[in-house]
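Note: the block below is my_file14.txt and it holds compact mmCIF, C-alpha atoms.
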# COMPACT_ATOMS: atom_id res chain seq x y z
CA MET Z 1 20.91 -24.65 11.97
CA LYS Z 2 20.87 -21.76 9.59
CA LYS Z 3 17.84 -19.61 9.08
CA LYS Z 4 15.90 -20.51 5.95
CA ILE Z 5 15.84 -17.57 3.55
CA PHE Z 6 13.58 -17.66 0.51
CA THR Z 7 14.26 -14.83 -1.95
CA LEU Z 8 11.57 -14.14 -4.51
CA LEU Z 9 12.50 -12.21 -7.62
CA LEU Z 10 9.42 -10.35 -8.77
CA THR Z 11 8.98 -9.06 -12.28
CA ALA Z 12 5.82 -7.17 -11.53
CA VAL Z 13 4.73 -5.17 -8.54
CA ILE Z 14 1.07 -4.71 -7.74
CA GLY Z 15 0.13 -1.35 -6.24
CA ILE Z 16 2.19 1.32 -4.55
CA GLY Z 17 3.32 1.93 -1.00
CA ALA Z 18 5.61 0.80 1.74
CA ILE Z 19 5.81 1.35 5.48
CA ALA Z 20 9.46 0.92 5.76
CA CYS Z 21 12.79 1.58 4.33
CA GLY Z 22 14.01 -2.37 -1.86
CA ALA Z 23 14.53 -1.30 -5.32
CA GLU Z 24 14.30 1.81 -7.47
CA SER Z 25 10.82 2.46 -8.77
CA SER Z 26 10.79 5.69 -10.74
CA SER Z 27 12.06 9.22 -10.89
CA ALA Z 28 10.55 12.67 -11.31
CA THR Z 29 11.57 16.29 -11.20
CA GLY Z 30 9.84 18.68 -8.83
CA GLN Z 31 8.67 21.95 -10.32
CA THR Z 32 8.53 25.22 -8.42
CA SER Z 33 5.14 26.80 -7.84
CA GLU Z 34 4.39 30.05 -9.61
CA ASN Z 35 1.19 31.22 -7.95
CA SER Z 36 1.13 29.69 -4.48
CA GLU Z 37 -0.48 31.76 -1.75
CA THR Z 38 2.15 30.63 0.78
CA SER Z 39 5.09 31.37 -1.49
CA GLU Z 40 7.21 34.50 -1.50
CA PRO Z 41 9.95 33.82 -4.09
CA THR Z 42 13.32 35.14 -3.05
CA GLY Z 43 15.01 35.22 -6.47
CA GLU Z 44 17.28 32.57 -7.93
CA LEU Z 45 16.60 29.11 -6.52
CA THR Z 46 19.14 26.54 -5.39
CA THR Z 47 18.49 23.06 -6.76
CA VAL Z 48 18.39 20.38 -4.08
CA ARG Z 49 18.25 16.74 -5.18
CA VAL Z 50 16.27 14.58 -2.78
CA ALA Z 51 15.89 10.81 -2.99
CA ILE Z 52 12.57 9.82 -1.45
CA MET Z 53 10.74 6.65 -0.50
CA THR Z 54 7.49 6.26 -2.41
CA ASN Z 55 4.53 7.47 -0.33
CA GLY Z 56 6.66 8.00 2.78
CA ALA Z 57 7.06 11.22 4.76
CA SER Z 58 10.00 12.37 2.61
CA HIS Z 59 7.74 12.02 -0.46
CA TRP Z 60 5.06 14.12 1.21
CA TYR Z 61 7.54 16.84 2.10
CA ALA Z 62 8.98 17.01 -1.41
CA VAL Z 63 5.68 16.98 -3.29
CA ILE Z 64 3.48 19.07 -0.98
CA GLY Z 65 6.20 21.52 0.04
CA ASP Z 66 6.88 22.09 -3.64
CA LYS Z 67 3.21 22.29 -4.64
CA GLU Z 68 2.45 24.87 -1.95
CA GLY Z 69 5.52 26.98 -2.77
CA ILE Z 70 7.18 26.40 0.58
CA PHE Z 71 10.51 25.26 -0.82
CA GLU Z 72 10.50 28.14 -3.29
CA LYS Z 73 9.86 30.51 -0.40
CA HIS Z 74 13.06 29.21 1.18
CA GLY Z 75 15.05 29.55 -2.03
CA ILE Z 76 14.96 25.88 -3.06
CA LYS Z 77 13.99 24.07 -6.24
CA VAL Z 78 13.41 20.38 -5.46
CA GLU Z 79 14.44 17.59 -7.82
CA ILE Z 80 12.96 14.22 -6.82
CA SER Z 81 14.31 10.73 -7.36
CA GLU Z 82 11.81 8.13 -6.20
CA PHE Z 83 12.58 4.71 -4.74
CA ALA Z 84 10.56 1.85 -3.25
CA ALA Z 85 12.50 1.82 0.04
CA GLY Z 86 14.43 4.28 2.18
CA ILE Z 87 17.60 2.20 2.13
CA ASN Z 88 17.89 2.82 -1.62
CA THR Z 89 17.69 6.58 -1.16
CA VAL Z 90 20.95 6.37 0.79
CA ASP Z 91 22.62 4.57 -2.10
CA ALA Z 92 21.67 7.58 -4.22
CA VAL Z 93 23.28 9.91 -1.67
CA VAL Z 94 26.44 7.79 -1.42
CA THR Z 95 26.86 7.65 -5.20
CA GLY Z 96 26.37 11.41 -5.58
CA GLN Z 97 22.98 11.21 -7.28
CA ALA Z 98 21.16 12.97 -4.42
CA ASP Z 99 21.93 15.54 -1.75
CA PHE Z 100 19.43 14.16 0.79
CA GLY Z 101 17.88 10.74 1.34
CA ASN Z 102 15.82 9.23 4.11
CA LEU Z 103 16.18 6.25 6.42
CA ALA Z 104 14.13 4.60 9.13
CA ASP Z 105 15.75 3.90 12.48
CA TYR Z 106 16.94 0.30 12.12
CA ALA Z 107 18.12 0.89 8.55
CA ALA Z 108 20.16 3.88 9.74
CA VAL Z 109 21.66 1.96 12.65
CA ASN Z 110 22.44 -1.05 10.47
CA ARG Z 111 23.85 0.93 7.53
CA ILE Z 112 26.20 2.92 9.71
CA GLY Z 113 27.15 -0.11 11.78
CA ASN Z 114 28.25 -2.03 8.70
CA THR Z 115 30.01 0.85 6.92
CA LYS Z 116 31.25 3.02 9.79
CA GLU Z 117 34.94 2.74 8.87
CA ASN Z 118 34.45 4.24 5.40
CA THR Z 119 31.25 6.30 5.35
CA ASN Z 120 30.67 10.05 5.42
CA LEU Z 121 26.91 9.71 5.90
CA VAL Z 122 25.40 12.01 8.51
CA ILE Z 123 21.86 12.40 9.84
CA VAL Z 124 20.75 16.04 9.84
CA ASP Z 125 17.39 15.65 11.62
CA ARG Z 126 14.44 13.41 12.39
CA ILE Z 127 11.59 13.85 9.91
CA SER Z 128 8.81 11.60 11.26
CA THR Z 129 7.80 9.12 13.93
CA SER Z 130 5.04 6.59 14.47
CA GLU Z 131 5.27 6.92 18.26
CA GLY Z 132 1.86 7.67 19.73
CA THR Z 133 0.01 7.04 16.45
CA ALA Z 134 -2.00 4.18 14.96
CA ASN Z 135 1.06 1.93 14.87
CA GLY Z 136 1.56 -1.09 12.60
CA GLY Z 137 -0.11 -4.48 12.88
CA LEU Z 138 1.04 -8.02 12.08
CA TYR Z 139 -1.32 -9.21 9.34
CA VAL Z 140 -1.62 -12.98 9.03
CA SER Z 141 -3.44 -15.65 7.06
CA ASP Z 142 -6.40 -17.50 8.58
CA ASP Z 143 -4.35 -20.53 9.62
CA ILE Z 144 -2.20 -18.43 11.97
CA LYS Z 145 -4.12 -17.92 15.21
CA SER Z 146 -1.28 -16.95 17.55
CA VAL Z 147 2.34 -15.79 17.38
CA GLU Z 148 3.48 -19.36 18.11
CA ASP Z 149 1.85 -20.43 14.84
CA LEU Z 150 4.39 -18.30 12.94
CA ALA Z 151 6.93 -21.14 13.28
CA GLY Z 152 7.75 -22.43 9.80
CA GLN Z 153 5.35 -20.02 8.10
CA PRO Z 154 6.63 -17.61 5.39
CA PHE Z 155 7.15 -14.21 6.99
CA ALA Z 156 7.90 -11.21 4.73
CA THR Z 157 10.79 -8.80 5.19
CA GLN Z 158 12.59 -6.14 3.17
CA PRO Z 159 16.27 -6.98 3.79
CA GLY Z 160 18.39 -4.28 5.40
CA THR Z 161 15.36 -2.29 6.49
CA VAL Z 162 13.39 -1.81 9.67
CA TRP Z 163 11.30 -4.83 8.67
CA ASP Z 164 14.29 -7.03 9.57
CA TYR Z 165 14.16 -5.62 13.09
CA TRP Z 166 10.41 -6.09 13.44
CA VAL Z 167 10.60 -9.68 12.21
CA ALA Z 168 13.50 -10.52 14.55
CA LYS Z 169 11.70 -8.95 17.53
CA THR Z 170 8.52 -10.86 16.62
CA TYR Z 171 10.37 -14.17 16.64
CA GLU Z 172 11.93 -13.23 19.99
CA TYR Z 173 8.50 -12.39 21.39
CA ALA Z 174 7.09 -15.72 20.14
CA ASN Z 175 10.17 -17.63 21.35
CA ILE Z 176 10.62 -19.20 17.91
CA SER Z 177 14.09 -20.65 17.32
CA GLU Z 178 16.19 -19.74 14.32
CA ALA Z 179 15.72 -23.23 12.88
CA ASP Z 180 11.94 -22.65 12.69
CA GLN Z 181 12.11 -19.20 11.10
CA ASN Z 182 10.97 -18.93 7.49
CA ILE Z 183 11.82 -15.49 6.15
CA VAL Z 184 10.79 -14.38 2.65
CA GLU Z 185 12.70 -11.42 1.23
CA VAL Z 186 10.66 -8.96 -0.84
CA ASP Z 187 11.57 -5.78 -2.68
CA SER Z 188 8.71 -3.57 -1.47
CA GLY Z 189 5.65 -3.39 0.73
CA ALA Z 190 3.46 -3.71 -2.35
CA SER Z 191 5.21 -6.95 -3.28
CA ALA Z 192 4.57 -8.33 0.20
CA VAL Z 193 0.88 -7.50 -0.07
CA ALA Z 194 0.69 -9.23 -3.44
CA LEU Z 195 2.45 -12.33 -2.13
CA GLN Z 196 0.15 -12.59 0.87
CA THR Z 197 -2.90 -12.56 -1.39
CA THR Z 198 -1.46 -15.55 -3.29
CA GLY Z 199 -0.45 -17.43 -0.13
CA ASP Z 200 3.30 -17.23 -0.77
CA VAL Z 201 3.56 -15.09 2.37
CA LYS Z 202 1.53 -15.80 5.50
CA ALA Z 203 2.57 -12.88 7.72
CA GLN Z 204 3.86 -9.32 7.41
CA TRP Z 205 3.96 -6.06 9.32
CA ALA Z 206 1.92 -3.28 7.73
CA SER Z 207 0.15 0.00 8.45
CA GLY Z 208 -1.47 2.81 6.49
CA THR Z 209 -2.21 1.98 2.85
CA ASN Z 210 -0.79 -1.52 2.93
CA GLY Z 211 -2.59 -2.32 6.16
CA THR Z 212 -5.84 -1.16 4.56
CA LYS Z 213 -5.22 -3.33 1.48
CA LEU Z 214 -4.57 -6.40 3.61
CA ALA Z 215 -7.63 -5.78 5.77
CA GLU Z 216 -9.79 -5.36 2.66
CA ALA Z 217 -8.41 -8.68 1.38
CA GLY Z 218 -9.64 -10.36 4.57
CA PHE Z 219 -6.42 -10.60 6.60
CA GLY Z 220 -6.57 -9.87 10.32
CA THR Z 221 -3.94 -8.90 12.87
CA ILE Z 222 -2.68 -10.87 15.87
CA LEU Z 223 -0.10 -8.38 17.17
CA THR Z 224 0.76 -4.68 17.06
CA LEU Z 225 4.10 -2.91 17.25
CA ASP Z 226 2.83 -1.41 20.50
CA ASP Z 227 2.64 -4.95 21.90
CA LEU Z 228 6.37 -5.25 21.22
CA GLY Z 229 7.11 -1.77 22.54
CA LEU Z 230 8.21 -0.66 19.07
CA TYR Z 231 7.72 2.41 16.93
CA THR Z 232 9.55 3.83 13.92
CA ASP Z 233 11.47 7.06 13.46
CA ALA Z 234 12.74 8.30 10.08
CA TYR Z 235 15.52 10.78 9.31
CA TYR Z 236 17.02 12.92 6.57
CA VAL Z 237 20.54 11.78 5.76
CA SER Z 238 23.22 13.55 3.72
CA THR Z 239 27.02 13.49 3.58
CA SER Z 240 29.45 15.46 5.68
CA ASP Z 241 30.94 16.85 2.45
CA TYR Z 242 27.60 18.27 1.30
CA VAL Z 243 26.65 19.63 4.73
CA ASP Z 244 30.04 21.32 5.20
CA ALA Z 245 29.93 22.87 1.72
CA ASN Z 246 26.29 24.03 1.88
CA PRO Z 247 25.43 25.14 5.43
CA GLU Z 248 22.85 27.74 4.38
CA VAL Z 249 21.13 25.34 2.00
CA VAL Z 250 20.82 22.76 4.77
CA LYS Z 251 19.29 25.39 7.06
CA ASN Z 252 16.80 26.40 4.37
CA TRP Z 253 16.00 22.75 3.70
CA ILE Z 254 15.17 22.09 7.35
CA GLU Z 255 13.13 25.29 7.64
CA ALA Z 256 11.10 24.27 4.58
CA GLN Z 257 10.65 20.79 6.04
CA LYS Z 258 9.26 22.11 9.31
CA GLU Z 259 6.98 24.61 7.60
CA THR Z 260 5.67 21.86 5.31
CA ALA Z 261 5.05 19.57 8.30
CA GLU Z 262 3.03 22.28 10.01
CA TRP Z 263 1.14 23.07 6.81
CA ILE Z 264 0.18 19.41 6.31
CA GLU Z 265 -0.96 19.15 9.93
CA ASN Z 266 -3.16 22.23 9.53
CA ASN Z 267 -4.42 21.36 6.03
CA PRO Z 268 -4.66 17.55 5.77
CA GLU Z 269 -7.46 17.51 3.18
CA LYS Z 270 -5.68 19.97 0.88
CA ALA Z 271 -2.41 18.10 1.41
CA ALA Z 272 -4.14 14.89 0.37
CA GLU Z 273 -5.46 16.61 -2.76
CA ASP Z 274 -1.99 17.92 -3.63
CA PHE Z 275 -0.48 14.49 -3.22
CA GLU Z 276 -3.23 12.77 -5.21
CA THR Z 277 -2.76 15.24 -8.08
CA ALA Z 278 1.00 14.71 -8.14
CA THR Z 279 1.20 10.96 -7.56
CA GLY Z 280 -2.17 9.34 -8.13
CA GLN Z 281 -2.39 8.05 -4.56
CA THR Z 282 -5.97 8.60 -3.38
CA LYS Z 283 -6.87 11.10 -0.71
CA GLU Z 284 -8.17 8.26 1.44
CA GLN Z 285 -4.84 6.41 1.23
CA PHE Z 286 -2.88 9.54 2.10
CA LEU Z 287 -5.06 10.34 5.10
CA SER Z 288 -4.83 6.73 6.29
CA ASP Z 289 -1.03 6.86 6.13
CA LEU Z 290 -1.00 10.25 7.85
CA GLU Z 291 -2.86 8.76 10.82
CA SER Z 292 0.15 6.53 11.52
CA THR Z 293 2.76 9.25 11.00
CA LYS Z 294 3.72 12.29 13.04
CA LEU Z 295 5.77 14.81 11.06
CA VAL Z 296 8.60 16.48 12.99
CA ALA Z 297 11.90 18.35 12.56
CA ASP Z 298 14.03 17.57 15.60
CA PHE Z 299 16.64 15.35 17.26
CA THR Z 300 16.10 14.86 20.98
CA GLU Z 301 17.48 12.79 23.82
CA GLY Z 302 14.52 10.49 23.25
CA THR Z 303 15.52 10.15 19.60
CA LEU Z 304 19.06 9.17 20.57
CA GLU Z 305 17.82 6.78 23.27
CA HIS Z 306 15.58 5.11 20.69
CA LEU Z 307 18.46 4.69 18.22
CA ASN Z 308 20.84 3.44 20.90
CA GLY Z 309 18.30 0.85 22.00
CA ILE Z 310 18.18 -0.57 18.48
CA LYS Z 311 21.97 -0.35 18.14
CA ASP Z 312 22.59 -2.13 21.43
CA TRP Z 313 20.24 -4.93 20.39
CA ALA Z 314 22.04 -5.33 17.05
CA VAL Z 315 25.49 -5.29 18.69
CA ALA Z 316 24.38 -7.95 21.18
CA ALA Z 317 23.13 -10.02 18.23
CA GLY Z 318 26.59 -9.82 16.66
CA ARG Z 319 25.51 -7.81 13.62
CA PHE Z 320 28.33 -5.27 13.96
CA ASP Z 321 30.65 -3.69 16.53
CA ASP Z 322 29.52 -0.87 18.80
CA TYR Z 323 29.89 2.80 17.85
CA ASN Z 324 28.83 6.27 19.00
CA PHE Z 325 25.76 7.23 16.97
CA LEU Z 326 26.38 10.96 17.41
CA ASP Z 327 29.60 10.56 15.41
CA TYR Z 328 27.34 10.07 12.40
CA THR Z 329 25.08 13.09 12.87
CA ASP Z 330 25.48 16.74 11.98
CA LEU Z 331 22.84 18.74 13.82
CA THR Z 332 24.52 22.13 13.30
CA ALA Z 333 21.90 23.44 10.88
CA LEU Z 334 18.98 22.10 12.90
CA LYS Z 335 20.30 23.62 16.11
CA SER Z 336 20.92 26.94 14.33
CA VAL Z 337 17.36 27.36 13.04
CA TYR Z 338 15.43 25.51 15.78
CA PRO Z 339 17.66 25.35 18.87
CA ASP Z 340 14.91 24.01 21.12
CA SER Z 341 14.44 20.99 18.86
CA VAL Z 342 17.92 19.63 19.65
CA THR Z 343 18.40 18.30 23.19
CA VAL Z 344 21.54 16.21 22.68
CA GLU Z 345 25.13 17.41 23.05
Translate this structure into structure tokens?
Amino acid sequence: MKKKIFTLLLTAVIGIGAIACGAESSSATGQTSENSETSEPTGELTTVRVAIMTNGASHWYAVIGDKEGIFEKHGIKVEISEFAAGINTVDAVVTGQADFGNLADYAAVNRIGNTKENTNLVIVDRISTSEGTANGGLYVSDDIKSVEDLAGQPFATQPGTVWDYWVAKTYEYANISEADQNIVEVDSGASAVALQTTGDVKAQWASGTNGTKLAEAGFGTILTLDDLGLYTDAYYVSTSDYVDANPEVVKNWIEAQKETAEWIENNPEKAAEDFETATGQTKEQFLSDLESTKLVADFTEGTLEHLNGIKDWAVAAGRFDDYNFLDYTDLTALKSVYPDSVTVE
């Protein structure tokens, strides 16, 4: 029996925020800082177009790195295009609207797996991970007391994103057959939160801002990603054409990313203020999201092992044929500026 898929077309979205890689939400142009204490302008700036996921790590990098003059210091002017999910940022890269986008692990594995014969997408580095942080929880309605109770209940996912992986692994964990799975497709994390408050969704994975909203609405958790042995990595993705044509820009981009990550880690309160000023997201929301996110600039053996684990699961499930993930990375710039951060050959 086929899985029951219920797609809800939403004309209004309540709130902002998503924990995973939906639909375009808005766009903005980053402005270079003129008087930042950390900035040492180096002359004419190179414009870099980045497609970011709203309130995700790539959004933090773009907004805070720009606000604090870090990108300007590295010769970059950032132009931001904002989307509700990471998977849409890649569409912007593929169509030439952006130079960099971002993807979470399953979305990257799935996108490459289904387009590998005709894609020039490459991952240039890992930008964040939830490993070792306050990982996500499965928020459920009152009538769901155990994972077995998920059978037949509407369970939210963002199609093509890491949510698909979490939902599938949850059903595996609960030993719920495909015939008893009731998956509701949503266009953003905010939509899922709204639907759970109306009862159209009874379960969803959430952390950070969305987790806080669900908890405040009275929803509890019955499972964590740690219980499933899961965590989420995210990456910057570009095209081989752009990387080959702009090697110095890619180096500068990664250097600015790492410096911004370190600055946020050392100045979380100021970072939260910067982000609130630029986006309207409250300091409390930012700091809550930061607790479940570790900002990095690397690509290690552990990173590759994590990706291959997801890929092997998807191949075994018949989602696509096997491939070598390293064929779809270009770590040249990362290795050049931070050689110790790359431990794969």
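Atom pair atom CA of Val337 of chain Z / atom CA of Ile254 of chain Z has a distance of 8.1 Å (rounded to one decimal).
As for atom CA of Ser292 of chain Z and atom CA of Gly208 of chain Z, they are spaced 6.5 Å apart.
Distances from Z:Ala179, Z:Ile264, Z:Ile222, Z:Ala215 to Ile64 of chain Z were compared using all atoms listed in the file, and the smallest one belongs to Z:Ile264.
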Q | Test item: residues at most 10 Å from Thr232 of chain Z, all atoms listed in the file, excluding those fewer than 4 positions along its chain, as JSON, numbers by chain | A | {"Z": [19, 20, 104, 105, 106, 128, 129, 130, 131, 135, 136, 162, 166, 225, 293, 306, 307]}
Dump C-alpha atoms for the selected residues as a PDB file, keeping the file's coordinate frame?
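Result written to result.pdb:
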ATOM      1  CA  ILE Z  19       5.810   1.350   5.480  1.00  0.00           C
ATOM      2  CA  ALA Z  20       9.460   0.920   5.760  1.00  0.00           C
ATOM      3  CA  ALA Z 104      14.130   4.600   9.130  1.00  0.00           C
ATOM      4  CA  ASP Z 105      15.750   3.900  12.480  1.00  0.00           C
ATOM      5  CA  TYR Z 106      16.940   0.300  12.120  1.00  0.00           C
ATOM      6  CA  SER Z 128       8.810  11.600  11.260  1.00  0.00           C
ATOM      7  CA  THR Z 129       7.800   9.120  13.930  1.00  0.00           C
ATOM      8  CA  SER Z 130       5.040   6.590  14.470  1.00  0.00           C
ATOM      9  CA  GLU Z 131       5.270   6.920  18.260  1.00  0.00           C
ATOM     10  CA  ASN Z 135       1.060   1.930  14.870  1.00  0.00           C
ATOM     11  CA  GLY Z 136       1.560  -1.090  12.600  1.00  0.00           C
ATOM     12  CA  VAL Z 162      13.390  -1.810   9.670  1.00  0.00           C
ATOM     13  CA  TRP Z 166      10.410  -6.090  13.440  1.00  0.00           C
ATOM     14  CA  LEU Z 225       4.100  -2.910  17.250  1.00  0.00           C
ATOM     15  CA  THR Z 293       2.760   9.250  11.000  1.00  0.00           C
ATOM     16  CA  HIS Z 306      15.580   5.110  20.690  1.00  0.00           C
ATOM     17  CA  LEU Z 307      18.460   4.690  18.220  1.00  0.00           C
TER      18      LEU Z 307
END
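Ranking Z:Trp163, Z:Trp263, Z:Tyr231, Z:Tyr173 by their shortest atom-to-atom distance to Gly132 of chain Z, with only C-alpha atoms included, puts Z:Tyr231 first.
Atom CA of Lys73 of chain Z is found 14.8 Å from atom CA of Ala261 of chain Z.
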